[in-house]
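Shown here: upload_30.txt, compact mmCIF, C-alpha atoms and all ligand atoms.
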```txt
# COMPACT_ATOMS: atom_id res chain seq x y z
CA MET A 1 229.05 243.46 20.82
CA PRO A 2 231.33 244.93 18.10
CA ASP A 3 232.02 248.68 18.37
CA ASP A 4 230.09 249.79 15.28
CA GLU A 5 227.07 247.72 16.31
CA GLN A 6 227.18 249.24 19.77
CA LYS A 7 227.42 252.73 18.25
CA ARG A 8 224.42 252.07 16.02
CA SER A 9 222.27 250.79 18.84
CA TYR A 10 223.26 253.83 20.91
CA GLU A 11 222.26 256.14 18.02
CA ASP A 12 218.98 254.28 17.62
CA LEU A 13 218.28 254.73 21.29
CA GLU A 14 219.09 258.44 21.11
CA HIS A 15 216.82 258.80 18.12
CA GLU A 16 214.03 257.00 19.97
CA VAL A 17 214.44 259.23 23.02
CA ALA A 18 214.32 262.37 20.84
CA ARG A 19 211.06 261.19 19.29
CA TYR A 20 209.46 260.39 22.63
CA ARG A 21 210.51 263.80 23.88
CA ALA A 22 208.91 265.40 20.83
CA VAL A 23 205.69 263.45 21.36
CA TYR A 24 205.65 264.44 25.00
CA ASP A 25 206.13 268.09 23.99
CA VAL A 26 203.22 267.94 21.55
CA MET A 27 200.93 266.29 24.09
CA ARG A 28 201.82 268.82 26.77
CA ALA A 29 201.16 271.67 24.34
CA LEU A 30 197.77 270.17 23.41
CA GLY A 31 196.66 270.43 27.01
CA GLY A 32 197.64 274.10 27.11
CA THR A 33 194.62 275.66 25.43
CA LEU A 34 190.91 275.09 24.97
CA ASP A 35 190.56 277.73 22.27
CA LEU A 36 189.87 275.85 19.02
CA ASP A 37 191.61 278.31 16.67
CA GLU A 38 194.68 278.40 18.87
CA LEU A 39 194.65 274.63 19.30
CA LEU A 40 194.45 273.85 15.57
CA ASP A 41 197.30 276.27 14.93
CA LEU A 42 199.35 274.70 17.71
CA ILE A 43 198.81 271.13 16.48
CA ILE A 44 199.93 272.04 12.97
CA THR A 45 203.03 273.92 14.13
CA ARG A 46 204.18 271.22 16.55
CA ILE A 47 203.46 268.34 14.21
CA THR A 48 205.38 270.01 11.39
CA GLU A 49 208.39 270.31 13.72
CA VAL A 50 208.20 266.79 15.12
CA MET A 51 207.67 265.17 11.73
CA ASP A 52 210.55 267.15 10.22
CA ALA A 53 208.12 268.17 7.47
CA ASP A 54 207.89 271.33 5.42
CA ARG A 55 204.23 272.02 6.23
CA SER A 56 201.11 270.35 7.67
CA SER A 57 197.36 270.75 7.48
CA LEU A 58 194.56 269.57 9.73
CA PHE A 59 191.05 269.10 8.37
CA LEU A 60 188.01 268.31 10.48
CA ILE A 61 185.14 266.26 9.05
CA ASP A 62 181.67 267.76 8.87
CA TRP A 63 179.76 264.49 8.45
CA GLU A 64 176.42 266.26 7.96
CA LYS A 65 177.59 268.37 5.04
CA LYS A 66 180.09 265.77 3.83
CA GLU A 67 182.79 268.40 3.88
CA LEU A 68 186.29 268.85 5.27
CA TRP A 69 186.98 272.16 6.98
CA SER A 70 189.90 273.91 8.51
CA LYS A 71 190.97 277.26 9.91
CA VAL A 72 193.91 279.02 8.38
CA ALA A 73 195.70 281.96 9.95
CA GLN A 74 195.12 285.23 8.10
CA GLY A 75 197.16 287.84 9.93
CA VAL A 76 195.74 287.88 13.46
CA ARG A 77 192.46 286.25 12.45
CA PHE A 78 191.56 282.71 11.41
CA MET A 79 189.59 282.09 8.25
CA GLU A 80 187.50 278.96 7.70
CA ILE A 81 188.01 276.98 4.50
CA ARG A 82 185.76 274.12 3.34
CA PHE A 83 185.76 271.62 0.49
CA PRO A 84 183.93 268.40 -0.45
CA MET A 85 184.90 265.41 1.66
CA ASP A 86 186.00 263.27 -1.27
CA LEU A 87 188.50 265.74 -2.69
CA GLY A 88 192.24 265.03 -2.83
CA LEU A 89 194.38 262.82 -0.64
CA ALA A 90 192.91 264.26 2.59
CA GLY A 91 189.44 263.43 1.24
CA ALA A 92 190.51 259.86 0.45
CA VAL A 93 191.75 259.38 4.03
CA ALA A 94 188.63 261.03 5.52
CA THR A 95 186.40 258.74 3.49
CA SER A 96 188.29 255.45 3.91
CA GLY A 97 190.05 255.92 7.25
CA GLU A 98 193.21 254.44 5.71
CA VAL A 99 196.69 255.89 6.09
CA LEU A 100 198.29 257.23 2.91
CA ASN A 101 202.06 257.43 2.66
CA ILE A 102 203.00 258.64 -0.81
CA PRO A 103 206.63 259.30 -1.83
CA ASP A 104 205.59 261.54 -4.76
CA ALA A 105 202.12 263.05 -4.79
CA TYR A 106 202.17 263.61 -8.58
CA ASP A 107 202.24 259.83 -9.10
CA ASP A 108 198.85 259.51 -7.39
CA ILE A 109 195.73 260.44 -9.37
CA ARG A 110 193.83 261.31 -6.18
CA PHE A 111 196.23 264.19 -5.52
CA ASN A 112 194.57 267.55 -6.16
CA GLN A 113 197.14 269.74 -7.90
CA ASP A 114 195.05 272.95 -7.62
CA PHE A 115 196.79 274.21 -4.49
CA ASP A 116 200.26 273.79 -5.99
CA ARG A 117 199.10 275.41 -9.22
CA LYS A 118 197.68 278.43 -7.40
CA THR A 119 200.56 278.97 -5.01
CA GLY A 120 203.59 277.72 -6.89
CA TYR A 121 204.32 275.23 -4.09
CA ARG A 122 205.73 271.86 -5.11
CA THR A 123 204.34 268.93 -3.12
CA ARG A 124 206.52 265.83 -3.09
CA SER A 125 206.12 263.35 -0.22
CA VAL A 126 202.78 263.21 1.59
CA LEU A 127 201.81 261.40 4.77
CA CYS A 128 198.13 261.63 5.56
CA VAL A 129 196.46 259.92 8.54
CA PRO A 130 192.97 259.91 10.08
CA MET A 131 192.23 261.50 13.48
CA THR A 132 190.25 259.03 15.55
CA ASN A 133 188.57 259.89 18.85
CA LYS A 134 188.20 257.72 21.96
CA GLU A 135 185.01 256.17 20.59
CA GLY A 136 186.86 255.10 17.45
CA GLU A 137 185.04 257.68 15.30
CA ARG A 138 186.91 259.55 12.59
CA ILE A 139 186.77 263.29 13.24
CA GLY A 140 189.45 264.61 10.90
CA VAL A 141 192.63 264.17 8.94
CA ILE A 142 196.20 265.36 9.42
CA GLN A 143 198.44 265.70 6.43
CA VAL A 144 202.17 266.41 6.47
CA LEU A 145 204.03 267.42 3.35
CA ASN A 146 207.60 267.18 2.07
CA LYS A 147 209.83 265.45 4.58
CA LYS A 148 212.92 267.62 4.92
CA SER A 149 215.46 264.77 4.80
CA GLU A 150 216.15 263.11 1.46
CA ASN A 151 214.03 260.03 2.17
CA PRO A 152 210.24 260.12 2.11
CA PHE A 153 208.18 259.42 5.25
CA ASP A 154 208.86 255.91 6.61
CA GLU A 155 206.95 253.38 8.69
CA GLU A 156 208.17 254.96 11.91
CA ASP A 157 206.90 258.41 10.82
CA GLN A 158 203.58 256.81 10.01
CA GLU A 159 203.24 255.27 13.47
CA LEU A 160 204.25 258.50 15.16
CA LEU A 161 201.82 260.66 13.19
CA CYS A 162 198.95 258.22 13.85
CA ALA A 163 199.63 258.42 17.59
CA LEU A 164 199.81 262.22 17.49
CA ALA A 165 196.67 262.50 15.34
CA ASN A 166 194.67 260.48 17.84
CA GLN A 167 195.91 262.63 20.73
CA ALA A 168 195.05 265.72 18.70
CA ALA A 169 191.54 264.28 18.13
CA VAL A 170 190.93 264.10 21.88
CA ALA A 171 192.21 267.66 22.38
CA VAL A 172 190.05 268.99 19.52
CA GLU A 173 186.95 267.26 20.86
CA ASN A 174 187.55 268.67 24.35
CA SER A 175 187.92 272.12 22.89
CA GLN A 176 184.73 271.74 20.81
CA LEU A 177 182.88 270.58 23.92
CA TYR A 178 184.14 273.60 25.82
CA GLU A 179 183.08 275.96 22.99
CA ASP A 180 179.63 274.30 22.90
CA GLN A 181 179.26 274.75 26.65
CA LYS A 182 180.22 278.41 26.38
CA LYS A 183 177.66 278.91 23.59
CA SER A 184 174.90 277.17 25.48
CA PHE A 185 175.67 279.19 28.62
CA ILE A 186 175.52 282.53 26.82
CA SER A 187 172.36 281.60 24.90
CA PHE A 188 170.75 280.65 28.24
CA VAL A 189 171.78 284.02 29.71
CA GLU A 190 170.56 285.94 26.65
CA THR A 191 167.22 284.14 26.70
CA LEU A 192 166.70 284.92 30.38
CA SER A 193 167.61 288.54 29.82
CA THR A 194 165.40 288.98 26.74
CA ALA A 195 162.46 287.24 28.42
CA MET A 196 162.77 289.59 31.36
CA ASP A 197 163.06 292.73 29.19
CA ALA A 198 160.05 291.62 27.17
CA ARG A 199 157.79 291.96 30.21
CA ASP A 200 157.77 295.72 29.78
CA PRO A 201 157.71 297.14 26.22
CA ILE A 202 158.85 300.56 27.47
CA THR A 203 162.10 299.26 28.94
CA ALA A 204 162.56 296.73 26.12
CA GLY A 205 166.22 296.37 25.21
CA HIS A 206 167.38 297.94 28.50
CA SER A 207 169.48 294.95 29.57
CA SER A 208 171.13 294.57 26.19
CA ARG A 209 171.92 298.30 25.92
CA VAL A 210 173.34 298.41 29.47
CA THR A 211 175.46 295.40 28.53
CA LEU A 212 176.80 297.11 25.41
CA TYR A 213 177.63 300.32 27.33
CA SER A 214 179.34 298.28 30.06
CA LEU A 215 181.39 296.30 27.54
CA ALA A 216 182.40 299.52 25.77
CA ILE A 217 183.64 300.98 29.08
CA ALA A 218 185.45 297.73 29.91
CA GLU A 219 187.18 297.75 26.53
CA GLU A 220 188.44 301.27 27.28
CA LEU A 221 189.73 299.84 30.57
CA GLU A 222 191.48 297.09 28.56
CA TYR A 223 189.63 294.12 30.01
CA THR A 224 190.77 290.73 28.71
CA GLU A 225 188.48 288.56 26.56
CA LYS A 226 187.71 286.40 29.59
CA GLN A 227 186.85 289.40 31.78
CA LEU A 228 184.64 290.78 29.00
CA ALA A 229 182.77 287.46 28.75
CA VAL A 230 182.03 287.44 32.48
CA LEU A 231 180.97 291.09 32.46
CA ASN A 232 178.73 290.40 29.47
CA ALA A 233 176.79 287.74 31.39
CA ALA A 234 176.64 289.81 34.60
CA ALA A 235 175.33 292.86 32.75
CA LEU A 236 172.73 290.90 30.77
CA LEU A 237 171.40 289.50 34.04
CA HIS A 238 171.65 292.63 36.19
CA ASP A 239 167.91 293.28 36.39
CA ILE A 240 166.80 289.62 36.43
CA GLY A 241 165.38 290.24 39.92
CA LYS A 242 162.62 292.38 38.37
CA ILE A 243 160.90 289.02 37.81
CA GLY A 244 160.16 289.17 41.54
CA VAL A 245 158.61 292.68 41.45
CA PRO A 246 154.79 292.83 41.11
CA GLU A 247 153.67 294.15 37.72
CA VAL A 248 151.35 296.77 39.23
CA VAL A 249 154.40 298.51 40.68
CA LEU A 250 156.85 297.73 37.88
CA PHE A 251 154.53 299.01 35.13
CA LYS A 252 152.94 301.86 37.08
CA ASP A 253 152.27 304.82 34.82
CA GLY A 254 153.21 307.86 36.85
CA ARG A 255 155.38 308.70 39.84
CA LEU A 256 156.06 306.01 42.40
CA THR A 257 155.23 306.44 46.09
CA ASP A 258 158.08 305.90 48.58
CA GLU A 259 156.60 302.52 49.42
CA GLU A 260 156.44 301.50 45.74
CA TYR A 261 159.98 302.72 45.19
CA LYS A 262 161.14 300.43 47.99
CA VAL A 263 159.36 297.51 46.31
CA ILE A 264 161.14 298.32 43.02
CA GLN A 265 164.46 298.43 44.88
CA THR A 266 164.00 294.84 46.04
CA HIS A 267 164.84 293.73 42.48
CA ALA A 268 168.59 294.00 43.19
CA LEU A 269 168.37 291.58 46.10
CA HIS A 270 166.11 289.32 44.02
CA SER A 271 168.83 289.32 41.33
CA LEU A 272 171.35 288.12 43.92
CA ASN A 273 169.07 285.40 45.28
CA ILE A 274 168.04 284.12 41.86
CA LEU A 275 171.57 284.08 40.44
CA ASP A 276 173.02 282.50 43.59
CA LYS A 277 171.01 279.40 42.74
CA ILE A 278 172.67 278.98 39.34
CA HIS A 279 175.82 276.87 39.14
CA PHE A 280 178.54 279.05 37.66
CA VAL A 281 182.02 277.74 36.80
CA ARG A 282 184.97 279.09 38.80
CA GLU A 283 185.70 282.12 36.61
CA GLN A 284 182.01 283.12 36.67
CA LYS A 285 181.43 282.72 40.41
CA GLU A 286 181.30 286.50 40.94
CA ILE A 287 178.43 286.99 38.46
CA PRO A 288 175.63 287.08 41.10
CA MET A 289 177.40 289.80 43.10
CA MET A 290 178.45 291.70 39.96
CA SER A 291 174.85 291.78 38.74
CA ALA A 292 173.25 292.55 42.07
CA THR A 293 175.48 295.51 42.95
CA HIS A 294 174.60 297.81 40.03
CA HIS A 295 172.64 300.13 42.38
CA GLU A 296 175.35 300.26 45.04
CA ARG A 297 177.03 303.67 45.39
CA LEU A 298 180.67 304.38 46.26
CA ASP A 299 179.67 306.37 49.39
CA GLY A 300 177.59 303.47 50.71
CA SER A 301 174.23 305.13 49.98
CA GLY A 302 173.15 302.52 47.42
CA TYR A 303 171.27 299.25 47.69
CA PRO A 304 170.72 296.33 48.31
CA LEU A 305 173.72 295.86 50.65
CA GLY A 306 174.95 299.43 51.20
CA LEU A 307 178.49 298.46 50.11
CA ARG A 308 181.18 301.13 49.77
CA GLY A 309 184.01 301.80 47.30
CA ASP A 310 186.14 298.79 46.44
CA ASP A 311 183.81 296.47 48.37
CA ILE A 312 181.49 296.81 45.38
CA PRO A 313 182.69 294.39 42.67
CA GLU A 314 184.34 296.34 39.86
CA ALA A 315 181.93 294.92 37.29
CA GLY A 316 179.01 296.15 39.43
CA ARG A 317 180.54 299.65 39.35
CA VAL A 318 180.98 299.48 35.56
CA ILE A 319 177.40 298.27 35.02
CA ALA A 320 176.18 301.14 37.28
CA VAL A 321 177.51 303.70 34.76
CA GLY A 322 175.83 301.93 31.81
CA ASP A 323 172.61 301.52 33.80
CA ILE A 324 172.36 305.21 34.72
CA PHE A 325 173.19 306.34 31.18
CA ASP A 326 170.51 304.07 29.70
CA ALA A 327 167.95 305.04 32.31
CA ILE A 328 168.29 308.75 31.54
CA THR A 329 168.58 308.45 27.78
CA SER A 330 165.54 306.17 27.41
CA ARG A 331 161.94 307.17 27.60
CA ARG A 332 160.35 305.88 30.79
CA HIS A 333 156.76 305.57 31.97
CA TYR A 334 156.85 308.99 33.54
CA ARG A 335 159.05 311.15 31.30
CA ASP A 336 160.57 311.64 27.85
CA ARG A 337 164.20 311.27 26.96
CA MET A 338 166.34 313.82 28.68
CA GLU A 339 168.20 316.66 26.97
CA PHE A 340 171.69 315.38 26.17
CA LEU A 341 173.80 317.99 27.96
CA LYS A 342 171.77 317.32 31.08
CA VAL A 343 172.51 313.59 30.67
CA LEU A 344 176.24 314.30 30.68
CA LYS A 345 175.91 316.64 33.65
CA ILE A 346 174.08 313.98 35.64
CA LEU A 347 176.94 311.55 34.95
CA ASP A 348 179.37 314.23 36.23
CA GLU A 349 177.28 314.90 39.35
CA GLU A 350 176.97 311.18 40.08
CA SER A 351 180.72 310.76 39.74
CA GLU A 352 181.65 313.91 41.70
CA GLY A 353 179.13 313.00 44.37
CA SER A 354 180.91 309.69 45.05
CA HIS A 355 178.11 307.62 43.63
CA ILE A 356 179.70 306.15 40.53
CA GLN A 357 183.38 305.63 39.78
CA PRO A 358 184.89 308.77 38.13
CA GLU A 359 187.45 306.68 36.18
CA PHE A 360 184.67 304.64 34.62
CA VAL A 361 182.69 307.76 33.69
CA ASN A 362 185.87 309.14 32.11
CA ALA A 363 186.41 305.89 30.21
CA PHE A 364 182.80 306.10 29.00
CA LYS A 365 183.34 309.67 27.81
CA GLN A 366 186.37 308.63 25.77
CA LEU A 367 184.12 306.49 23.58
CA PRO A 368 183.48 307.76 20.07
CA LEU A 369 179.97 309.12 19.46
CA SER A 370 179.48 306.51 16.73
CA ARG A 371 179.61 303.72 19.34
CA ILE A 372 177.08 305.51 21.57
CA VAL A 373 174.71 306.20 18.67
CA LYS A 374 174.88 302.56 17.53
CA ILE A 375 173.78 301.40 20.99
CA LEU A 376 171.13 304.09 21.39
CA GLU A 377 169.71 303.19 17.98
CA GLU A 378 170.15 299.42 18.40
CA ASP A 379 169.10 297.74 15.17
CA ASN A 380 168.19 301.04 13.54
CA SER A 381 171.61 302.62 13.29
CA GLU A 382 171.35 302.44 9.50
CA LEU A 383 168.82 305.29 9.80
CA VAL A 384 171.72 307.59 10.69
CA PRO A 385 173.43 308.76 7.47
CA GLU A 386 176.74 307.02 6.90
CA GLU A 387 178.63 310.31 6.59
CA ASP A 388 177.32 311.33 10.03
CA MET A 389 178.52 308.03 11.49
CA LEU A 390 181.97 308.59 9.97
CA LEU A 391 182.04 312.01 11.59
CA PHE A 392 180.94 310.56 14.95
CA GLU A 393 183.81 308.05 14.82
CA LYS A 394 186.31 310.87 15.25
CA ILE A 395 184.58 312.67 18.12
CA SER A 396 184.43 311.46 21.71
CA LEU A 397 181.63 312.04 24.14
CA SER A 398 183.84 314.35 26.22
CA THR A 399 184.62 316.50 23.16
CA LEU A 400 180.90 316.75 22.44
CA GLN A 401 180.31 317.84 26.03
CA VAL A 402 182.85 320.69 25.63
CA LEU A 403 180.97 321.86 22.52
CA LEU A 404 177.56 321.58 24.17
CA GLU A 405 178.77 323.67 27.09
CA LYS A 406 179.96 326.48 24.82
CA GLU A 407 177.72 329.42 23.95
CA GLU A 408 176.24 328.84 20.52
CA ASP A 409 177.94 331.98 19.15
CA ALA A 410 181.33 330.61 20.22
CA LEU A 411 181.00 327.50 18.02
CA SER A 412 182.69 327.33 14.65
CA SER A 413 180.46 326.33 11.76
CA GLU A 414 182.09 322.89 11.75
CA GLU A 415 181.39 322.46 15.46
CA ARG A 416 177.81 323.65 15.10
CA ASN A 417 177.32 321.19 12.25
CA LEU A 418 178.60 318.32 14.40
CA VAL A 419 176.34 319.23 17.32
CA GLU A 420 173.31 319.49 15.03
CA ARG A 421 174.01 316.15 13.38
CA PHE A 422 174.41 314.43 16.73
CA MET A 423 171.22 315.99 18.10
CA CYS A 424 169.40 314.85 14.99
CA ALA A 425 170.60 311.25 15.60
CA TYR A 426 169.74 311.51 19.31
CA ASP A 427 166.23 312.80 18.64
CA ARG A 428 165.60 310.14 16.07
CA CYS A 429 166.72 307.54 18.61
CA GLU A 430 163.90 308.82 20.77
CA ASP A 431 161.40 308.12 18.01
CA VAL A 432 162.88 304.74 17.26
CA ASN A 433 162.86 303.63 20.87
CA ARG A 434 159.45 305.02 21.68
CA PRO A 435 156.97 302.15 21.64
CA ASP A 436 153.65 302.46 19.91
CA MET A 437 151.28 303.23 22.77
CA ASP A 438 148.05 302.78 20.80
FE FE B 501 168.35 297.78 38.30
```

Do you think you could lay out the structure here as structure tokens?
Amino acid sequence: MPDDEQKRSYEDLEHEVARYRAVYDVMRALGGTLDLDELLDLIITRITEVMDADRSSLFLIDWEKKELWSKVAQGVRFMEIRFPMDLGLAGAVATSGEVLNIPDAYDDIRFNQDFDRKTGYRTRSVLCVPMTNKEGERIGVIQVLNKKSENPFDEEDQELLCALANQAAVAVENSQLYEDQKKSFISFVETLSTAMDARDPITAGHSSRVTLYSLAIAEELEYTEKQLAVLNAAALLHDIGKIGVPEVVLFKDGRLTDEEYKVIQTHALHSLNILDKIHFVREQKEIPMMSATHHERLDGSGYPLGLRGDDIPEAGRVIAVGDIFDAITSRRHYRDRMEFLKVLKILDEESEGSHIQPEFVNAFKQLPLSRIVKILEEDNSELVPEEDMLLFEKISLSTLQVLLEKEEDALSSEERNLVERFMCAYDRCEDVNRPDMD
């Protein structure tokens, strides 16, 4: 073989290897995340690199609405954009399933010039291919713009992008399936929790409030998104075992006898037994124990298992703080809502007495009053004047406690005003939460 021919075939081979490596890189990256926003972003970035293009877009087809949609990064968030399925070159590919390779977009009447007009961008070459899933169904379109080299996209680019688009289709569908499963799991958990709370109108909303307090504490403790999701489910289900407690005891109006109290306590073990029967995925396996240990105490005096300290799952210890706070700030069968300073003192006593974790009580007290009021008031937080809410945003629970512990004469007028506004919100919460007993 002559030298120059040999050189060319060597260069071709090198070029081929580089492409395969790029494809391998993209495919490996696609397997790296199940988060749809992240995945779409990743596909676009990698494909732009591999195709040596200036920019790329990925549109998914909403067959029901006959629309194309996409997520575009807006700072740290992703914003959804939608447009009719027959619009522009992407629309033409979505509708027909054909590949479009256009050297100059302005020569094609299907090209929608709006984007260029609005942004000042100048589209030249366009390669647009359908994304086809394993069943051969079209689920979206990938479009790459302005090949960086002088020549427009060629046949080889076309083949490569088609292969990548089909891989991307599989990754996107897996991610959508995963998101659907997550949604159906949490709606199942929420339904169980709401159904259980609905048994007793006086404790209505208890599980959801305990969940919100627990999540607020966990955010202060800098839990990850995944940890928050698991805690959310565990907290929503913490009292699920009350299903197994006879109504005559659960709804008794008046003080409970020791015997009845023991019956009520069985709910924690019921929670464990009920939840143990549910199949949880690996990262959720601890949910039954997290839920069932919300009455355990650090010194081992709690129930149902009498666990101590770190033997109690951390989420169980977090839920315990939310559970106690909700129990003493809600009206129960046998008493009205407690005075707020006393509420805070009980939290202190419980933490100093080695019942609940002091660090978690501290984290709870770092929360702004606005967050607490929103949970106390649930859907009625709009009843609290907006200016009061703005004030509450700047004051933590621990600061409020310092003010409440001061003699009234020692308060500045500003401090007195804050205390009065909070008490007004707290008292109104009592009215809002109090069920109509007629
Ligand atoms: Fe409980």

Provide the atom CA of Ser301 of chain A to atom CA of Pro313 of chain A distance in Å, to one decimal place.
->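 Taking atom CA of Ser301 of chain A and atom CA of Pro313 of chain A, their separation equals 15.5 Å.
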
For ligand FE 501 (chain B), list the contacting residues at 10 Å or closer, counting all atoms listed in the file, as an MDAnalysis selection string.
-> chainID A and resid 206:207 237:242 264:269 271 291:295 303 319:320 323:324 327

How would the residues just chosen look if you wrote them out with C-alpha atoms as a PDB file, in the coordinates of the input?
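Generated output (selection-v7.pdb):
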```
ATOM      1  CA  HIS A 206     167.380 297.940  28.500  1.00  0.00           C
ATOM      2  CA  SER A 207     169.480 294.950  29.570  1.00  0.00           C
ATOM      3  CA  LEU A 237     171.400 289.500  34.040  1.00  0.00           C
ATOM      4  CA  HIS A 238     171.650 292.630  36.190  1.00  0.00           C
ATOM      5  CA  ASP A 239     167.910 293.280  36.390  1.00  0.00           C
ATOM      6  CA  ILE A 240     166.800 289.620  36.430  1.00  0.00           C
ATOM      7  CA  GLY A 241     165.380 290.240  39.920  1.00  0.00           C
ATOM      8  CA  LYS A 242     162.620 292.380  38.370  1.00  0.00           C
ATOM      9  CA  ILE A 264     161.140 298.320  43.020  1.00  0.00           C
ATOM     10  CA  GLN A 265     164.460 298.430  44.880  1.00  0.00           C
ATOM     11  CA  THR A 266     164.000 294.840  46.040  1.00  0.00           C
ATOM     12  CA  HIS A 267     164.840 293.730  42.480  1.00  0.00           C
ATOM     13  CA  ALA A 268     168.590 294.000  43.190  1.00  0.00           C
ATOM     14  CA  LEU A 269     168.370 291.580  46.100  1.00  0.00           C
ATOM     15  CA  SER A 271     168.830 289.320  41.330  1.00  0.00           C
ATOM     16  CA  SER A 291     174.850 291.780  38.740  1.00  0.00           C
ATOM     17  CA  ALA A 292     173.250 292.550  42.070  1.00  0.00           C
ATOM     18  CA  THR A 293     175.480 295.510  42.950  1.00  0.00           C
ATOM     19  CA  HIS A 294     174.600 297.810  40.030  1.00  0.00           C
ATOM     20  CA  HIS A 295     172.640 300.130  42.380  1.00  0.00           C
ATOM     21  CA  TYR A 303     171.270 299.250  47.690  1.00  0.00           C
ATOM     22  CA  ILE A 319     177.400 298.270  35.020  1.00  0.00           C
ATOM     23  CA  ALA A 320     176.180 301.140  37.280  1.00  0.00           C
ATOM     24  CA  ASP A 323     172.610 301.520  33.800  1.00  0.00           C
ATOM     25  CA  ILE A 324     172.360 305.210  34.720  1.00  0.00           C
ATOM     26  CA  ALA A 327     167.950 305.040  32.310  1.00  0.00           C
TER      27      ALA A 327
END
```

Polymer residues at most 10 Å from segment 43-55 of chain A, all atoms listed in the file, same-chain spacing of 5 or more positions, as a ChimeraX atom specification | /A:18-23,25-27,29-30,38,123,125-127,142-149,152-153,157-158,160-161,164-165,167-168,171-172

Nearest to Gly88 of chain A: which of A:Asp12, A:Asp388, A:Asp107, A:Asp114 is it, counting only C-alpha atoms?
->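 For Gly88 of chain A, the nearest of the candidates is A:Asp114.
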
From A:His270, A:Lys71, A:Lys277, A:Lys406, residue lying nearest Leu58 of chain A [only C-alpha atoms] |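 The shortest atom-to-atom distance to Leu58 of chain A comes from A:Lys71.
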
Dump as a CSV table (one decimal) with C-alpha atoms, keeping the file's coordinate frame all residues having an atom at most 12 Å from (167.5, 289.2, 24.2), computed in the file's coordinates with all atoms listed in the file.
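Output below, filename result10.csv:
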```csv
chain,number,residue,atom,x,y,z
A,186,ILE,CA,175.5,282.5,26.8
A,187,SER,CA,172.4,281.6,24.9
A,188,PHE,CA,170.8,280.6,28.2
A,189,VAL,CA,171.8,284.0,29.7
A,190,GLU,CA,170.6,285.9,26.6
A,191,THR,CA,167.2,284.1,26.7
A,192,LEU,CA,166.7,284.9,30.4
A,193,SER,CA,167.6,288.5,29.8
A,194,THR,CA,165.4,289.0,26.7
A,195,ALA,CA,162.5,287.2,28.4
A,196,MET,CA,162.8,289.6,31.4
A,197,ASP,CA,163.1,292.7,29.2
A,198,ALA,CA,160.0,291.6,27.2
A,199,ARG,CA,157.8,292.0,30.2
A,204,ALA,CA,162.6,296.7,26.1
A,205,GLY,CA,166.2,296.4,25.2
A,206,HIS,CA,167.4,297.9,28.5
A,207,SER,CA,169.5,295.0,29.6
A,208,SER,CA,171.1,294.6,26.2
A,209,ARG,CA,171.9,298.3,25.9
A,211,THR,CA,175.5,295.4,28.5
A,233,ALA,CA,176.8,287.7,31.4
A,236,LEU,CA,172.7,290.9,30.8
A,237,LEU,CA,171.4,289.5,34.0
```

Which is closer to Pro246 of chain A than all the others in A:Glu339, A:Glu135, A:Asp35, A:Glu260, using only C-alpha atoms?
->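 Nearest candidate to Pro246 of chain A out of A:Glu339, A:Glu135, A:Asp35, A:Glu260: A:Glu260.
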
In Å to one decimal, how far is atom CA of Leu298 of chain A from atom CA of Gln366 of chain A?
->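 Between atom CA of Gln366 of chain A and atom CA of Leu298 of chain A the gap works out to 21.7 Å.
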
Atom CA of Leu100 of chain A sits from atom CA of Cys128 of chain A at a separation of 5.1 Å

Have a look at A:Ile356, A:Ile102, A:Asp3, A:Phe83 and name the one nearest to Gly309 of chain A; count all atoms listed in the file.
->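 Using all atoms listed in the file, the shortest distance to Gly309 of chain A belongs to A:Ile356.
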
Can you sort out segment 270-278 of chain A so it carries N, CA and C atoms, written as a PDB file, keeping the file's coordinate frame?
```pdb
ATOM      1  N   HIS A 270     166.663 290.472  44.761  1.00  0.00           N
ATOM      2  CA  HIS A 270     166.110 289.320  44.020  1.00  0.00           C
ATOM      3  C   HIS A 270     167.127 288.806  43.012  1.00  0.00           C
ATOM      4  N   SER A 271     167.817 289.742  42.319  1.00  0.00           N
ATOM      5  CA  SER A 271     168.830 289.320  41.330  1.00  0.00           C
ATOM      6  C   SER A 271     169.872 288.443  42.019  1.00  0.00           C
ATOM      7  N   LEU A 272     170.323 288.883  43.195  1.00  0.00           N
ATOM      8  CA  LEU A 272     171.350 288.120  43.920  1.00  0.00           C
ATOM      9  C   LEU A 272     170.827 286.734  44.288  1.00  0.00           C
ATOM     10  N   ASN A 273     169.627 286.690  44.834  1.00  0.00           N
ATOM     11  CA  ASN A 273     169.070 285.400  45.280  1.00  0.00           C
ATOM     12  C   ASN A 273     168.817 284.436  44.125  1.00  0.00           C
ATOM     13  N   ILE A 274     168.324 284.989  43.022  1.00  0.00           N
ATOM     14  CA  ILE A 274     168.040 284.120  41.860  1.00  0.00           C
ATOM     15  C   ILE A 274     169.358 283.584  41.294  1.00  0.00           C
ATOM     16  N   LEU A 275     170.314 284.492  41.094  1.00  0.00           N
ATOM     17  CA  LEU A 275     171.570 284.080  40.440  1.00  0.00           C
ATOM     18  C   LEU A 275     172.420 283.187  41.341  1.00  0.00           C
ATOM     19  N   ASP A 276     172.278 283.359  42.648  1.00  0.00           N
ATOM     20  CA  ASP A 276     173.020 282.500  43.590  1.00  0.00           C
ATOM     21  C   ASP A 276     172.641 281.033  43.429  1.00  0.00           C
ATOM     22  N   LYS A 277     171.464 280.789  42.887  1.00  0.00           N
ATOM     23  CA  LYS A 277     171.010 279.400  42.740  1.00  0.00           C
ATOM     24  C   LYS A 277     171.545 278.736  41.470  1.00  0.00           C
ATOM     25  N   ILE A 278     172.129 279.551  40.591  1.00  0.00           N
ATOM     26  CA  ILE A 278     172.670 278.980  39.340  1.00  0.00           C
ATOM     27  C   ILE A 278     174.092 278.490  39.592  1.00  0.00           C
TER      28      ILE A 278
END
```
